[in-house]
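Chemist: Sharing upload.txt (compact mmCIF, C-alpha atoms) below.
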# COMPACT_ATOMS: atom_id res chain seq x y z
CA MET A 25 93.84 82.75 46.37
CA LEU A 26 93.60 78.99 46.02
CA GLU A 27 95.79 77.47 43.30
CA LEU A 28 94.50 73.99 42.52
CA VAL A 29 96.55 71.57 40.42
CA ILE A 30 94.76 68.37 39.31
CA VAL A 31 96.74 65.49 37.76
CA ARG A 32 95.44 62.31 36.16
CA HIS A 33 97.34 59.11 36.99
CA GLY A 34 99.87 57.56 34.60
CA GLU A 35 99.25 54.57 32.35
CA SER A 36 97.83 51.65 34.35
CA VAL A 37 97.93 47.96 33.52
CA ARG A 38 94.29 48.26 32.40
CA ASN A 39 95.11 51.26 30.16
CA HIS A 40 97.89 49.17 28.62
CA ALA A 41 95.69 46.12 28.09
CA SER A 42 92.99 48.27 26.49
CA ASP A 43 95.52 49.86 24.16
CA LEU A 44 96.71 46.42 23.07
CA ALA A 45 93.12 45.34 22.46
CA HIS A 46 92.50 48.40 20.30
CA HIS A 47 95.32 47.03 18.11
CA GLY A 48 93.85 43.54 17.94
CA GLN A 49 95.71 41.90 20.82
CA PHE A 50 92.88 40.75 23.11
CA THR A 51 94.59 38.22 25.40
CA LEU A 52 95.68 40.49 28.25
CA LEU A 53 92.40 42.40 28.44
CA GLU A 54 90.40 39.15 28.31
CA TYR A 55 92.41 37.90 31.27
CA GLN A 56 91.91 41.11 33.24
CA LEU A 57 88.16 41.21 32.62
CA ARG A 58 87.88 37.68 33.95
CA PHE A 59 90.44 37.55 36.77
CA ASP A 60 91.64 41.08 37.66
CA ARG A 61 88.47 43.01 38.41
CA ASP A 62 89.67 44.86 41.53
CA GLU A 63 90.19 48.30 40.05
CA THR A 64 91.61 49.68 43.29
CA SER A 65 94.73 47.50 43.00
CA TRP A 66 95.77 48.09 39.38
CA ASP A 67 99.43 49.11 39.13
CA LEU A 68 101.09 51.63 36.88
CA THR A 69 103.12 50.25 34.02
CA GLN A 70 106.74 51.31 33.67
CA ARG A 71 105.53 53.72 31.01
CA GLY A 72 103.04 55.12 33.52
CA ILE A 73 105.84 55.74 36.02
CA GLU A 74 107.84 57.56 33.36
CA GLN A 75 104.76 59.62 32.45
CA ALA A 76 104.40 60.66 36.08
CA ARG A 77 108.05 61.69 36.22
CA THR A 78 107.59 63.75 33.06
CA ALA A 79 104.48 65.43 34.47
CA GLY A 80 106.28 66.09 37.73
CA ALA A 81 109.14 67.78 35.89
CA TRP A 82 106.65 69.98 34.03
CA ILE A 83 104.90 70.91 37.27
CA ARG A 84 108.19 71.79 38.98
CA GLU A 85 109.26 73.97 36.06
CA ASN A 86 105.93 75.69 35.35
CA ILE A 87 104.09 75.75 38.68
CA GLY A 88 106.45 74.89 41.52
CA GLN A 89 107.66 71.94 43.56
CA CYS A 90 106.21 72.80 46.96
CA PHE A 91 102.51 72.51 47.85
CA ASP A 92 100.59 73.46 50.95
CA ARG A 93 98.40 70.35 50.75
CA GLN A 94 98.49 67.17 48.70
CA TYR A 95 95.48 64.91 48.10
CA VAL A 96 95.30 61.56 46.32
CA SER A 97 92.67 58.99 45.42
CA PRO A 98 92.96 55.76 47.46
CA PHE A 99 93.56 53.67 44.34
CA LYS A 100 97.02 52.17 43.89
CA ARG A 101 97.72 53.73 40.50
CA THR A 102 97.09 57.25 41.79
CA ARG A 103 99.25 56.71 44.87
CA GLN A 104 102.06 55.40 42.66
CA THR A 105 101.65 58.43 40.38
CA ALA A 106 101.82 60.82 43.33
CA ALA A 107 105.08 59.25 44.50
CA SER A 108 106.55 59.31 40.98
CA LEU A 109 105.88 63.03 40.45
CA GLU A 110 108.96 63.58 42.63
CA LEU A 111 107.61 66.75 44.21
CA ARG A 112 108.47 67.99 47.68
CA CYS A 113 105.29 66.47 49.06
CA ASN A 114 105.75 64.19 52.06
CA ASP A 115 102.24 63.79 53.43
CA TRP A 116 99.69 62.84 50.80
CA ILE A 117 96.15 62.88 52.19
CA ILE A 118 94.04 59.99 50.88
CA ASP A 119 90.50 61.15 50.13
CA ASP A 120 87.89 58.67 48.92
CA ARG A 121 85.95 61.43 47.17
CA LEU A 122 88.74 61.51 44.56
CA ARG A 123 88.35 57.85 43.56
CA GLU A 124 87.36 56.89 40.02
CA ARG A 125 83.75 56.17 39.21
CA ASP A 126 82.57 52.63 39.81
CA TRP A 127 82.29 50.83 36.49
CA GLY A 128 79.82 48.46 38.11
CA ASP A 129 79.85 44.78 39.00
CA TYR A 130 80.03 43.19 35.58
CA SER A 131 80.50 39.75 37.16
CA ALA A 132 77.22 39.87 39.11
CA PRO A 133 75.11 36.69 39.02
CA GLY A 134 72.85 36.45 36.01
CA LEU A 135 74.94 38.68 33.74
CA SER A 136 76.51 37.44 30.53
CA PRO A 137 80.33 37.45 30.41
CA TYR A 138 81.69 40.92 29.68
CA THR A 139 83.56 40.65 26.38
CA VAL A 140 86.52 42.63 25.12
CA GLU A 141 84.42 43.98 22.26
CA GLN A 142 81.78 45.24 24.68
CA TYR A 143 84.39 46.79 26.95
CA LEU A 144 86.09 48.65 24.08
CA TYR A 145 82.72 49.93 22.89
CA ASP A 146 81.97 51.13 26.41
CA LEU A 147 85.32 52.92 26.60
CA ALA A 148 84.35 54.82 23.46
CA CYS A 149 81.05 55.86 25.09
CA CYS A 150 82.14 56.56 28.64
CA GLY A 151 83.16 60.18 28.02
CA ALA A 152 79.48 61.15 27.87
CA VAL A 153 78.61 62.69 31.21
CA ASN A 154 75.47 60.61 31.81
CA TRP A 155 76.77 57.34 30.37
CA LYS A 156 76.97 54.15 32.43
CA ARG A 157 76.31 50.47 31.85
CA GLU A 158 73.42 48.78 33.59
CA PHE A 159 75.70 46.92 35.98
CA PRO A 160 75.03 46.91 39.74
CA ASN A 161 76.56 49.99 41.43
CA ALA A 162 77.68 51.55 38.14
CA GLU A 163 78.35 55.31 38.20
CA SER A 164 78.43 57.99 35.53
CA VAL A 165 80.50 61.16 35.56
CA ALA A 166 77.32 62.98 36.59
CA ASP A 167 76.86 60.61 39.53
CA MET A 168 80.23 61.74 40.91
CA ILE A 169 79.35 65.43 40.95
CA PRO A 170 78.00 65.47 44.54
CA ARG A 171 81.18 64.01 46.03
CA CYS A 172 83.41 66.20 43.87
CA ARG A 173 81.39 69.24 44.95
CA SER A 174 81.72 68.11 48.56
CA PHE A 175 85.50 67.95 48.17
CA ILE A 176 85.83 71.41 46.60
CA GLU A 177 83.47 73.03 49.08
CA SER A 178 85.35 71.43 51.97
CA LEU A 179 88.54 73.19 50.80
CA ILE A 180 86.68 76.49 50.72
CA LYS A 181 85.05 76.02 54.12
CA GLN A 182 88.44 75.21 55.64
CA LYS A 183 89.64 78.52 54.16
CA ILE A 184 92.55 76.73 52.51
CA GLU A 185 94.73 79.08 50.49
CA GLY A 186 98.00 78.65 48.69
CA ARG A 187 98.85 75.75 46.40
CA VAL A 188 97.01 72.41 46.53
CA ILE A 189 97.61 69.36 44.31
CA LEU A 190 95.25 66.45 43.62
CA VAL A 191 96.14 63.16 41.90
CA THR A 192 93.02 61.45 40.63
CA HIS A 193 91.36 59.82 37.59
CA GLY A 194 90.02 60.87 34.20
CA GLY A 195 86.34 60.56 35.05
CA THR A 196 86.83 62.30 38.37
CA MET A 197 88.72 65.12 36.67
CA LYS A 198 85.80 65.67 34.31
CA SER A 199 83.39 65.82 37.23
CA LEU A 200 85.70 68.25 39.08
CA GLU A 201 85.85 70.44 35.97
CA LEU A 202 82.06 70.74 35.93
CA VAL A 203 81.99 71.65 39.62
CA ILE A 204 84.88 74.11 39.61
CA GLU A 205 83.89 75.82 36.37
CA ARG A 206 80.25 75.97 37.45
CA LEU A 207 78.97 74.20 34.35
CA SER A 208 75.75 72.24 34.09
CA ILE A 209 75.69 68.74 32.66
CA ASP A 210 74.21 70.19 29.46
CA GLN A 211 77.28 72.42 29.15
CA ALA A 212 79.82 69.60 29.41
CA ASP A 213 80.63 69.78 25.69
CA ARG A 214 82.54 72.99 26.43
CA LEU A 215 85.26 70.78 27.92
CA ALA A 216 85.59 68.49 24.90
CA GLU A 217 88.80 70.08 23.59
CA ARG A 218 90.71 69.02 26.70
CA ARG A 219 91.99 65.49 26.22
CA LEU A 220 92.40 64.09 29.71
CA THR A 221 95.27 61.79 28.77
CA ASN A 222 97.39 59.98 31.33
CA CYS A 223 99.21 62.54 33.50
CA SER A 224 97.42 65.52 31.98
CA VAL A 225 97.34 68.57 34.27
CA LEU A 226 94.63 71.11 35.07
CA GLN A 227 95.72 74.28 36.85
CA TYR A 228 93.10 76.52 38.48
CA GLN A 229 93.52 79.85 40.24
CA LEU A 230 90.42 80.59 42.34
CA SER A 231 89.51 83.61 44.47
CA ASN A 232 86.60 85.77 45.73
CA PHE A 233 84.98 82.91 47.62
CA ASP A 234 81.49 83.16 49.01
CA GLU A 235 80.94 80.23 51.37
CA THR A 236 77.20 80.76 51.70
CA GLU A 237 76.56 80.56 47.97
CA SER A 238 79.46 78.21 47.14
CA CYS A 239 80.63 80.82 44.69
CA TRP A 240 84.03 81.90 43.36
CA MET A 241 85.87 83.50 40.45
CA GLY A 242 88.89 82.11 38.67
CA ARG A 243 90.78 80.98 35.61
CA VAL A 244 92.15 77.69 34.24
CA ARG A 245 94.81 76.34 31.93
CA PHE A 246 95.48 72.79 30.71
CA ALA A 247 98.59 70.80 29.79
CA SER A 248 99.40 67.30 28.52
CA PRO A 249 103.12 67.08 29.35
CA THR A 250 103.47 63.46 28.15
CA VAL A 251 101.91 63.96 24.71
CA GLU A 252 104.03 65.65 22.07
CA GLY A 253 102.39 68.31 19.96
CA ILE A 254 99.75 69.43 22.45
CA PRO A 255 100.62 72.96 23.60
CA VAL A 256 99.81 74.30 27.04
CA SER A 257 96.54 76.18 26.74
CA ASP A 258 96.22 79.88 27.39
CA TRP A 259 94.64 80.94 30.66
CA GLN A 260 90.85 81.02 30.30
CA PRO A 261 88.32 82.59 32.70
CA ILE A 262 85.80 80.27 34.33
CA ALA A 263 82.19 81.16 34.93
CA GLY A 264 81.84 83.34 38.01
CA CYS A 265 79.13 83.94 40.59
Can you turn what I pasted into structure tokens?
Modeler:
Amino acid sequence: MLELVIVRHGESVRNHASDLAHHGQFTLLEYQLRFDRDETSWDLTQRGIEQARTAGAWIRENIGQCFDRQYVSPFKRTRQTAASLELRCNDWIIDDRLRERDWGDYSAPGLSPYTVEQYLYDLACCGAVNWKREFPNAESVADMIPRCRSFIESLIKQKIEGRVILVTHGGTMKSLELVIERLSIDQADRLAERRLTNCSVLQYQLSNFDETESCWMGRVRFASPTVEGIPVSDWQPIAGC
């Protein structure tokens, strides 16, 4: 059996700036949209570090503290989250397939300045699987499915068993859900009840692999350890072969 634990990163400086803007404080987000466009280098906030510690404590108590393999997106905020989980994981493997989707080059020549109002509107829309802005190199959740499928199938082909943990991003988690649970893009609304908040956790137990058909059976449960009032879900079966 392959037990797969997927964790979203903690609150980043962009998450924080967006939250402030939602409450009418635009200055920090305006600055970031103009001068801090390199998404790969965004740090966690102190709150994000604390969220990761809380998620790590939940994982240790409810899943375990030792993993057979540990994978992380190359982005700084995911690597900081992985370190702050405080698990017994020494060698995190950086895998580019776990990076967040590319929002697109909104500073490309000829484009109007990207405003805070536009960005907040886009955040409200970006949960739709096929949504993306018409910026150069922009990706949707659906666009990430091939690389997420490649990652999952590589685990299966390597005959990896035991417990594996991934630290990644919200959009990537949604794409991984579609791949692992064998859902089509038209079936994505089945996942709507799971709020992929910062440091939310998906836990899969997968077995009965068929390499030729990329096929498996399994079950899933979901937790948001950093958000009060959201209970851990019951185990639910995923679609099989």
Chemist: Neighbours of Thr221 in chain A within 12 Å (all atoms listed in the file; same-chain residues fewer than 2 positions away dropped), as a ChimeraX atom specification?
Modeler: /A:31-36,39,72,75-76,79,193-195,197-198,217-219,223-226,246-252,254
Chemist: Which residues come within 10 Å of range 209-215 of chain A, counting only C-alpha atoms, excluding same-chain residues fewer than 6 positions away, as a list in words?
Modeler: Ala152, Val153, Asn154, Val165, Ala166, Ile169, Lys198, Ser199, Glu201, Leu202 and Val203 of chain A
Chemist: With distances taken over all atoms listed in the file, which residue among A:Ala106, A:Val244, A:Ile117, A:Ala263 lies nearest Asp92 in chain A?
Modeler: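 Among the listed residues, A:Ile117 lies closest to Asp92 in chain A.
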Chemist: Name the closest residue to Ser174 in chain A among the candidates A:Leu135, A:Leu122, A:Gln142, A:Asp129; distances are taken between atoms, counting all atoms listed in the file.
Modeler: A:Leu122
Chemist: For CA of Arg206 in chain A and CA of Trp240 in chain A, quote the distance in Å rounded to one decimal.
Modeler: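 Atom-to-atom, CA of Arg206 in chain A to CA of Trp240 in chain A, that is 9.2 Å.
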Chemist: Measuring atom to atom with only C-alpha atoms, identify which of A:Asp146, A:Glu85, A:Asp119, A:Glu205 is nearest to Phe175 in chain A.
Modeler: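 Looking at the shortest contact to Phe175 in chain A, the residue is A:Asp119.
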Chemist: Counting all atoms listed in the file, find residues at most 9 Å from (103.3, 49.2, 35.6) (file frame) and give them as a list in words.
Modeler: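 The distance filter leaves exactly Glu35, Ser36, Val37, His40, Trp66, Asp67, Leu68, Thr69, Gln70, Arg71, Gly72, Ile73 and Arg101 of chain A.
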Chemist: To one decimal place, how far is CA of Ile87 in chain A from CA of Thr64 in chain A in Å?
Modeler: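 Atom-to-atom, CA of Ile87 in chain A and CA of Thr64 in chain A are spaced 29.3 Å apart.
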Chemist: Can you pull out every residue within 6 Å of Ser97 in chain A, counting all atoms listed in the file, but drop anything in the same chain fewer than 5 positions away, and send it as a list in words?
Modeler: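 In the requested form, the answer reads Thr102, Ile118, Asp119, Asp120, Leu122, Arg123 and Thr192 of chain A.
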Chemist: Take the residues from that selection and write them out as a short mmCIF file (atom, residue, chain, number, x, y, z; two decimals), in the frame of the given file, keeping C-alpha atoms.
Modeler:
data_model
loop_
_atom_site.label_atom_id
_atom_site.label_comp_id
_atom_site.auth_asym_id
_atom_site.auth_seq_id
_atom_site.Cartn_x
_atom_site.Cartn_y
_atom_site.Cartn_z
CA THR A 102 97.09 57.25 41.79
CA ILE A 118 94.04 59.99 50.88
CA ASP A 119 90.50 61.15 50.13
CA ASP A 120 87.89 58.67 48.92
CA LEU A 122 88.74 61.51 44.56
CA ARG A 123 88.35 57.85 43.56
CA THR A 192 93.02 61.45 40.63
#
Chemist: Measuring atom to atom with all atoms listed in the file, identify which of A:Glu74, A:Trp155, A:Asp60, A:Ser238 is nearest to Ser178 in chain A.
Modeler: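 The answer is A:Ser238, which sits nearest to Ser178 in chain A.
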Chemist: Write out as an NGL selection string which residues come within 10 Å of Ala107 in chain A when counting all atoms listed in the file, dropping same-chain ones fewer than 4 positions away.
Modeler: :A and (73 or 76-77 or 80 or 102-103 or 111-114 or 116)
Chemist: Go ahead and write the selection's residues with C-alpha atoms as a compact mmCIF listing (two decimals), keeping the file's coordinate frame.
Modeler:
# COMPACT_ATOMS: atom_id res chain seq x y z
CA ILE A 73 105.84 55.74 36.02
CA ALA A 76 104.40 60.66 36.08
CA ARG A 77 108.05 61.69 36.22
CA GLY A 80 106.28 66.09 37.73
CA THR A 102 97.09 57.25 41.79
CA ARG A 103 99.25 56.71 44.87
CA LEU A 111 107.61 66.75 44.21
CA ARG A 112 108.47 67.99 47.68
CA CYS A 113 105.29 66.47 49.06
CA ASN A 114 105.75 64.19 52.06
CA TRP A 116 99.69 62.84 50.80
Chemist: State, in Å with one decimal place, the distance from CA of Ile180 in chain A to CA of Val29 in chain A.
Modeler: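 Separating CA of Ile180 in chain A from CA of Val29 in chain A is a distance of 15.1 Å.
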Chemist: From the options A:Arg121, A:Arg157, A:Arg187, A:Arg93, which residue's atoms come nearest to Pro170 in chain A, counting only C-alpha atoms?
Modeler: A:Arg121
Chemist: For range 98-109 of chain A, what centre and edge lengths in Å (one decimal) does the axis-aligned box get once 3 Å is added on each side of all its listed atoms, as AutoDock Vina command-line options?
Modeler:
--center_x 99.8 --center_y 57.6 --center_z 43.9 --size_x 19.6 --size_y 16.9 --size_z 13.1
Chemist: So that I can see what lies close to Asp62 in chain A, please list as a list of chain:residue names the residues with an atom at most 12 Å from it, counting only C-alpha atoms and leaving out residues fewer than 6 positions away in the same chain.
Modeler: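 What passes the distance filter is A:Val37, A:Arg38, A:Gln56, A:Phe99, A:Lys100, A:Asp126, A:Trp127, A:Gly128, A:Asp129, A:Tyr130, A:Ser131.
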Chemist: Using the incomplete input, complete range 183-194 of chain A to the level of all heavy atoms; output as a PDB file, in the frame of the given file.
Modeler:
ATOM      1  N   LYS A 183      88.897  77.297  54.491  1.00  0.00           N
ATOM      2  CA  LYS A 183      89.640  78.520  54.160  1.00  0.00           C
ATOM      3  C   LYS A 183      91.089  78.188  53.765  1.00  0.00           C
ATOM      4  O   LYS A 183      92.049  78.865  54.155  1.00  0.00           O
ATOM      5  CB  LYS A 183      89.626  79.503  55.334  1.00  0.00           C
ATOM      6  CG  LYS A 183      88.226  79.969  55.710  1.00  0.00           C
ATOM      7  CD  LYS A 183      88.264  81.053  56.759  1.00  0.00           C
ATOM      8  CE  LYS A 183      86.855  81.460  57.179  1.00  0.00           C
ATOM      9  NZ  LYS A 183      86.038  81.988  56.074  1.00  0.00           N
ATOM     10  N   ILE A 184      91.221  77.114  52.986  1.00  0.00           N
ATOM     11  CA  ILE A 184      92.550  76.730  52.510  1.00  0.00           C
ATOM     12  C   ILE A 184      92.972  77.678  51.394  1.00  0.00           C
ATOM     13  O   ILE A 184      92.234  77.912  50.432  1.00  0.00           O
ATOM     14  CB  ILE A 184      92.538  75.269  52.015  1.00  0.00           C
ATOM     15  CG1 ILE A 184      92.293  74.335  53.195  1.00  0.00           C
ATOM     16  CG2 ILE A 184      93.842  74.923  51.311  1.00  0.00           C
ATOM     17  CD1 ILE A 184      92.166  72.886  52.820  1.00  0.00           C
ATOM     18  N   GLU A 185      94.149  78.227  51.527  1.00  0.00           N
ATOM     19  CA  GLU A 185      94.730  79.080  50.490  1.00  0.00           C
ATOM     20  C   GLU A 185      96.085  78.512  50.104  1.00  0.00           C
ATOM     21  O   GLU A 185      96.559  77.535  50.678  1.00  0.00           O
ATOM     22  CB  GLU A 185      94.854  80.523  50.999  1.00  0.00           C
ATOM     23  CG  GLU A 185      93.516  81.185  51.298  1.00  0.00           C
ATOM     24  CD  GLU A 185      93.669  82.641  51.706  1.00  0.00           C
ATOM     25  OE1 GLU A 185      94.826  83.059  51.954  1.00  0.00           O
ATOM     26  OE2 GLU A 185      92.658  83.341  51.778  1.00  0.00           O
ATOM     27  N   GLY A 186      96.709  79.139  49.129  1.00  0.00           N
ATOM     28  CA  GLY A 186      98.000  78.650  48.690  1.00  0.00           C
ATOM     29  C   GLY A 186      97.854  77.647  47.567  1.00  0.00           C
ATOM     30  O   GLY A 186      96.913  77.703  46.773  1.00  0.00           O
ATOM     31  N   ARG A 187      98.769  76.687  47.521  1.00  0.00           N
ATOM     32  CA  ARG A 187      98.850  75.750  46.400  1.00  0.00           C
ATOM     33  C   ARG A 187      98.488  74.351  46.869  1.00  0.00           C
ATOM     34  O   ARG A 187      99.087  73.820  47.803  1.00  0.00           O
ATOM     35  CB  ARG A 187     100.265  75.803  45.830  1.00  0.00           C
ATOM     36  CG  ARG A 187     100.467  75.045  44.541  1.00  0.00           C
ATOM     37  CD  ARG A 187     101.875  75.252  44.032  1.00  0.00           C
ATOM     38  NE  ARG A 187     102.080  76.606  43.540  1.00  0.00           N
ATOM     39  CZ  ARG A 187     103.264  77.217  43.526  1.00  0.00           C
ATOM     40  NH1 ARG A 187     104.331  76.619  44.013  1.00  0.00           N
ATOM     41  NH2 ARG A 187     103.370  78.431  43.033  1.00  0.00           N
ATOM     42  N   VAL A 188      97.505  73.743  46.184  1.00  0.00           N
ATOM     43  CA  VAL A 188      97.010  72.410  46.530  1.00  0.00           C
ATOM     44  C   VAL A 188      97.079  71.535  45.288  1.00  0.00           C
ATOM     45  O   VAL A 188      96.710  71.965  44.192  1.00  0.00           O
ATOM     46  CB  VAL A 188      95.561  72.475  47.054  1.00  0.00           C
ATOM     47  CG1 VAL A 188      95.012  71.073  47.293  1.00  0.00           C
ATOM     48  CG2 VAL A 188      95.489  73.303  48.338  1.00  0.00           C
ATOM     49  N   ILE A 189      97.538  70.288  45.440  1.00  0.00           N
ATOM     50  CA  ILE A 189      97.610  69.360  44.310  1.00  0.00           C
ATOM     51  C   ILE A 189      96.757  68.142  44.596  1.00  0.00           C
ATOM     52  O   ILE A 189      96.686  67.658  45.729  1.00  0.00           O
ATOM     53  CB  ILE A 189      99.079  68.955  44.008  1.00  0.00           C
ATOM     54  CG1 ILE A 189      99.153  68.126  42.717  1.00  0.00           C
ATOM     55  CG2 ILE A 189      99.721  68.226  45.186  1.00  0.00           C
ATOM     56  CD1 ILE A 189     100.568  67.921  42.201  1.00  0.00           C
ATOM     57  N   LEU A 190      96.060  67.655  43.561  1.00  0.00           N
ATOM     58  CA  LEU A 190      95.250  66.450  43.620  1.00  0.00           C
ATOM     59  C   LEU A 190      95.752  65.470  42.569  1.00  0.00           C
ATOM     60  O   LEU A 190      96.010  65.875  41.431  1.00  0.00           O
ATOM     61  CB  LEU A 190      93.777  66.724  43.332  1.00  0.00           C
ATOM     62  CG  LEU A 190      93.106  67.995  43.834  1.00  0.00           C
ATOM     63  CD1 LEU A 190      91.669  68.031  43.328  1.00  0.00           C
ATOM     64  CD2 LEU A 190      93.155  68.054  45.334  1.00  0.00           C
ATOM     65  N   VAL A 191      95.864  64.195  42.902  1.00  0.00           N
ATOM     66  CA  VAL A 191      96.140  63.160  41.900  1.00  0.00           C
ATOM     67  C   VAL A 191      94.932  62.238  41.876  1.00  0.00           C
ATOM     68  O   VAL A 191      94.574  61.628  42.888  1.00  0.00           O
ATOM     69  CB  VAL A 191      97.421  62.376  42.213  1.00  0.00           C
ATOM     70  CG1 VAL A 191      97.654  61.310  41.143  1.00  0.00           C
ATOM     71  CG2 VAL A 191      98.625  63.317  42.280  1.00  0.00           C
ATOM     72  N   THR A 192      94.294  62.148  40.713  1.00  0.00           N
ATOM     73  CA  THR A 192      93.020  61.450  40.630  1.00  0.00           C
ATOM     74  C   THR A 192      92.894  60.741  39.281  1.00  0.00           C
ATOM     75  O   THR A 192      93.891  60.318  38.702  1.00  0.00           O
ATOM     76  CB  THR A 192      91.866  62.444  40.925  1.00  0.00           C
ATOM     77  OG1 THR A 192      90.635  61.743  40.938  1.00  0.00           O
ATOM     78  CG2 THR A 192      91.826  63.583  39.934  1.00  0.00           C
ATOM     79  N   HIS A 193      91.680  60.643  38.765  1.00  0.00           N
ATOM     80  CA  HIS A 193      91.360  59.820  37.590  1.00  0.00           C
ATOM     81  C   HIS A 193      90.666  60.662  36.526  1.00  0.00           C
ATOM     82  O   HIS A 193      90.151  61.750  36.815  1.00  0.00           O
ATOM     83  CB  HIS A 193      90.446  58.676  38.013  1.00  0.00           C
ATOM     84  CG  HIS A 193      90.960  57.880  39.157  1.00  0.00           C
ATOM     85  ND1 HIS A 193      91.643  56.695  39.010  1.00  0.00           N
ATOM     86  CD2 HIS A 193      90.892  58.103  40.506  1.00  0.00           C
ATOM     87  CE1 HIS A 193      91.976  56.224  40.197  1.00  0.00           C
ATOM     88  NE2 HIS A 193      91.533  57.053  41.118  1.00  0.00           N
ATOM     89  N   GLY A 194      90.606  60.122  35.308  1.00  0.00           N
ATOM     90  CA  GLY A 194      90.020  60.870  34.200  1.00  0.00           C
ATOM     91  C   GLY A 194      88.568  61.234  34.408  1.00  0.00           C
ATOM     92  O   GLY A 194      88.159  62.378  34.198  1.00  0.00           O
TER      93      GLY A 194
END
